[in-house]
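Q: Take this structure, written in structure tokens, and hold onto it; I'll ask about it next.
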Amino acid sequence: MKKEILFELKSPYRDSFKIYGYRFGEGEHTVAIVGAIRGDEIQQQFICSQLVKNLIDLEKNNLILPNHQILVIPSVNPFSMNIHKRFWAMDNTDINRMFPGYDKGETTQRIAAALFEQVKGYQYGIQFPSFYIRGEFIPHIRILDTGHQDTESAKCFGLPYIMLRKPSSFDTTLLNYNWQIWETQAYSIYSSATEQIDKDSAKLAWVATLRFFAKKGIIQYSGHSGFISSVIDEESMANVVSENGGFFYPKVTVGQDVRKGDLLAKILDPYDGSVLSELTAPVSGVVFFAHKQPIVSQNTMLYRVL
Amino acid sequence: MLKTVVSVALPVGEHLKIRKNVIQGNHTGKRLCVVTGTHGDELEGQFVCYELARRLNEGLEHLHGSVEIYPALNPLGIDSIERGFPGFDLDMNRIFPGVQNGHLAENTAYEIVQDLLNADMVLDIHSSNIFLKEVMQVRVSDITAETLVPYAKLLNTDFIWIHDAATVLESTLAHSLNINGTKTLVVEMGIGMRITREYGERLVQGIFNLMQSMEMWSGENDSNIANSEELNKTLSNKTRNSSEPTIANSILSTNGEVHFMNADASGIIIPSALHSSFVVEGERLCQIVDPFEGKVLQDILSPVDGFLFTLRTYPIVYEGSLIARIYEEKK
Ligand SMILES: [Zn+2]
């Protein structure tokens with residue numbers, strides 16, 4: 001393992017901003033892994049730190065196969081994490097919406113450009129991001145449907161679901177999107193948490209990544225062979241949206257099977273506790289996404305059922 | 001007449017409401033919509049809305065058609081001094097045309113677009129951010145320039161900036177409306193969190209010019225407002241457009257090149273040049289300094305002779321922070 005400073009930026013009064021990379025193996029640029037890009041992606045950074053720990057062990061035991069190089073970048077944004085902000089503290093911009101970056105542009109464009117310079121040209125790119133709509137997901141692989149994607153390889157992670165998303169124009173500045181445009185096969189792995197560490201789903205994510213390495217002949221590793229993944233289209237999910245504002249009183253959680261008509265949640269009046277609405281499953285299936293906060297506004301996505 | 005365009009229940013006893021004032025003239029005619037406040041920290045449009053409503057109320061007999069004023073497309077943001085839509089990750093001007101059954105913010109964006117479609121003209125007023133001061137300008141993407149520049153020239157601005165159509169800008173309100181055939185002009189002026197009265201008055205005058213050309217206004221339009229004095233002294237005849245005397249002579253960016261200046265050091269900015277002035281090559285715009293040791297970290301000099309139309313006023317900078325934009329006229 002080689003630990004390197006990939007990028008450094010001076011701050012007026014804070015310590016300088018640094019992006020560290022952990023490089024394993026030698027030869028071909030096989031996999032680049034990116035963890036927290038936003039300051040609240042604690043779970044994502046935790047997963048990467050565990051991957052680094054596992055890869056150090058694997059390398060010690062000569063289990064990284066020849067001619068494969070793996071680069072892990074657990075944190076692209078320690079500055080925001082250290083002061084409990086999600087976005088770049090100075091101007092509230094999102095580094096993950098600045099790709100491919102611009103090295104003569106604004107600060108976060110420069111950070112994105114420097115990162116992209118380091119991670120482009122790899123065969124596979126793996127990112128642990130969080131979604132722009134808050135809530136809890138079934139752990140899954142998300143792929144942007146750019147026409148360049150390799151869905152078959154995604155099955156090597158052995159996670160139950162692979163979700164295809166049609167990119168909107170605002171997705172064209174994501175790391176994942178730009179990786180694909182520059183011919184890296186890009187996969188985003190969503191585990192269930194963001195601001196908190198959820199050990200079980202974190203482990204699921206790093207084990208899935210090691211499984212992917214093993215199946216692709218990058219490392220020697222014997223673990224559980226995982227699930228047979230089903231590929232789903234994001235638009236095929238049934239959405240349940242709130243019709244009122246109030247307390248969110250859930251009856252089911254992510255991963256649960258539901259039948260059409262089952263009660264999913266109630267929305268309660270925040271003053272007198274009366275039931276304002278009862279939300280039922282629009283289809284039979286599994287709860288793929290659930291709102292997590294205890295209060296909701298009207299028109300909030302509460303559940304997505306697969 | 002006040003109308004509610006969007007009303008959505010928030011968790012605890014409050015509705016998010018986006019409202020407009022429909023000012024109906026005494027005669028039939030076209031529909032002009034003036035919108036602002038998508039970014040909660042941009043307030044220059046507030047004065048424009050007030051002043052426009054005030055003048056129209058006094059002259060309804062000259063108004064043909066209706067002017068609809070939307071002072072706050074992001075009321076939660078404005079009332080809480082937040083640029084974005086509180087609780088939502090994406091810039092509100094990057095989620096248009098919205099999603100009918102989407103998240104609160106996306107659905108709100110959808111409803112706004114539905115309400116504005118079929119207007120004869122939409123004017124979307126922005127005011128930079130808290131870091132940069134902008135000269136009064138219209139921004140037009142190159143794909144809509146042919147249609148929009150003739151209208152943009154009426155607005156009394158110093159500058160009309162025709163820029164490239166980046167993919168990510170396809171999700172702005174203006175783009176979403178323009179591609180659907182609703183002509184939309186974007187004005188940028190002043191600075192975040194402040195009101196620059198001079199700009200507001202000039203823009204209101206520009207809106208009356210626009211209404212006149214759309215045959216919506218038959219009253220007087222006499223406040224002969226032109227460019228700032230500085231601009232009038234220095235503008236070459238070549239860049240002036242030859243319109244009626246009540247219209248300012250905007251510089252059109254197609255006649256030259258825009259230069260971006262970004263900080264190469266992190267530190268504190270000490271200003272030198274004046275905003276919206278003409279600078280010469282080699283002239284100092286500002287210095288980035290280190291207050292600990294009293295050292296100059298970077299001397300920022302103008303690379304060209306040109307018009308300083310964007311200037312940073314917020315003193316703290318990181319490497320990369322935008323310092324200035326200068327428009328260089330090609331001879
Ligand atoms: Zn704005």
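Residues are referred to by chain and number: the chain letter is A, B, ... according to the order shown in the structure tokens, the number counts from 1 in that chain, and ligands are numbered separately from 1 in the order shown.
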Can I get the residues close to ligand 1 as a PyMOL selection string, where close means within 6 Å and we count only C-alpha atoms and all ligand atoms?
A: chain B and resi 39+126-128
Q: Filtering to N, CA, C and O atoms, could you give me those residues as a compact mmCIF listing (two decimals), in the first residue's frame?
A:
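As written to disk, again34.txt reads:
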# COMPACT_ATOMS: atom_id res chain seq x y z
N HIS B 39 -33.55 32.15 -6.00
CA HIS B 39 -32.45 32.02 -5.05
C HIS B 39 -32.74 32.95 -3.88
O HIS B 39 -32.84 34.17 -4.06
N HIS B 126 -32.44 37.82 -11.46
CA HIS B 126 -31.49 37.27 -10.49
C HIS B 126 -30.54 38.36 -10.03
O HIS B 126 -30.38 39.38 -10.70
N SER B 127 -29.87 38.11 -8.88
CA SER B 127 -28.87 39.10 -8.47
C SER B 127 -27.64 38.42 -7.90
O SER B 127 -27.36 38.53 -6.71
N SER B 128 -26.94 37.71 -8.78
CA SER B 128 -25.62 37.18 -8.45
C SER B 128 -25.70 36.31 -7.19
O SER B 128 -26.56 35.45 -7.07
Q: What's the 7 Å shell around A:Ser188, counting only C-alpha atoms, without same-chain residues fewer than 6 positions away, as a list in words?
A: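 That gives Ile126, Gln127, Phe128, Pro129, Ile141, Arg142 and Ile143 of chain A.
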Q: As number ranges by chain, please: the residues near stretch 305-312 of chain B (cut-off 6 Å, only C-alpha atoms, same-chain neighbours under 5 positions excluded).
A: B: 131-135, 275-281, 323-328
Q: Find, counting only C-alpha atoms, the residue in B:His62, B:His103, B:Arg31, B:Lys153 that gets nearest to A:Ser297.
A: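 When distances to A:Ser297 are compared using only C-alpha atoms, the smallest one comes from B:His103.
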Q: Check the smallest atom-to-atom distance from each of A:Arg259, A:His29, A:Lys18, A:His84 to A:Leu115 using only C-alpha atoms, then report the winner.
A: A:Lys18
Q: Please extract the residues of stretch 56-253 of chain B with a backbone DSSP assignment of helix (DSSP H, G or I) and present them as a count of residues only.
A: 79
Q: May I have all residues of stretch 93-303 of chain B that DSSP, computed from the backbone, assigns to strand (DSSP E), given as a PyMOL selection string?
A: chain B and resi 121-126+132-141+159-163+184-190+251-252+256-262+267-271+278-279+284-290+295-301
Q: Counting only C-alpha atoms, which residues of chain B come no farther than 7 Å from chain A, as a PyMOL selection string?
A: chain B and resi 8-12+89+94+103-104+167-168+170-171+262+266-267+318-322
Q: Name all residues at most 9 Å from B:Glu51 (count only C-alpha atoms; drop same-chain ones fewer than 5 positions away) and give them as a count of residues only.
A: 5
Q: Counting only C-alpha atoms, what is within 9 Å of A:Phe79, bar same-chain residues fewer than 4 positions away, as a PyMOL selection string?
A: chain A and resi 14+17-18+39+83-85+88-89
Q: Closest to B:Leu154 among B:Leu210, B:Leu173, B:Ala105, B:Ile179, using only C-alpha atoms?
A: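 Looking at the shortest contact to B:Leu154, the residue is B:Leu210.
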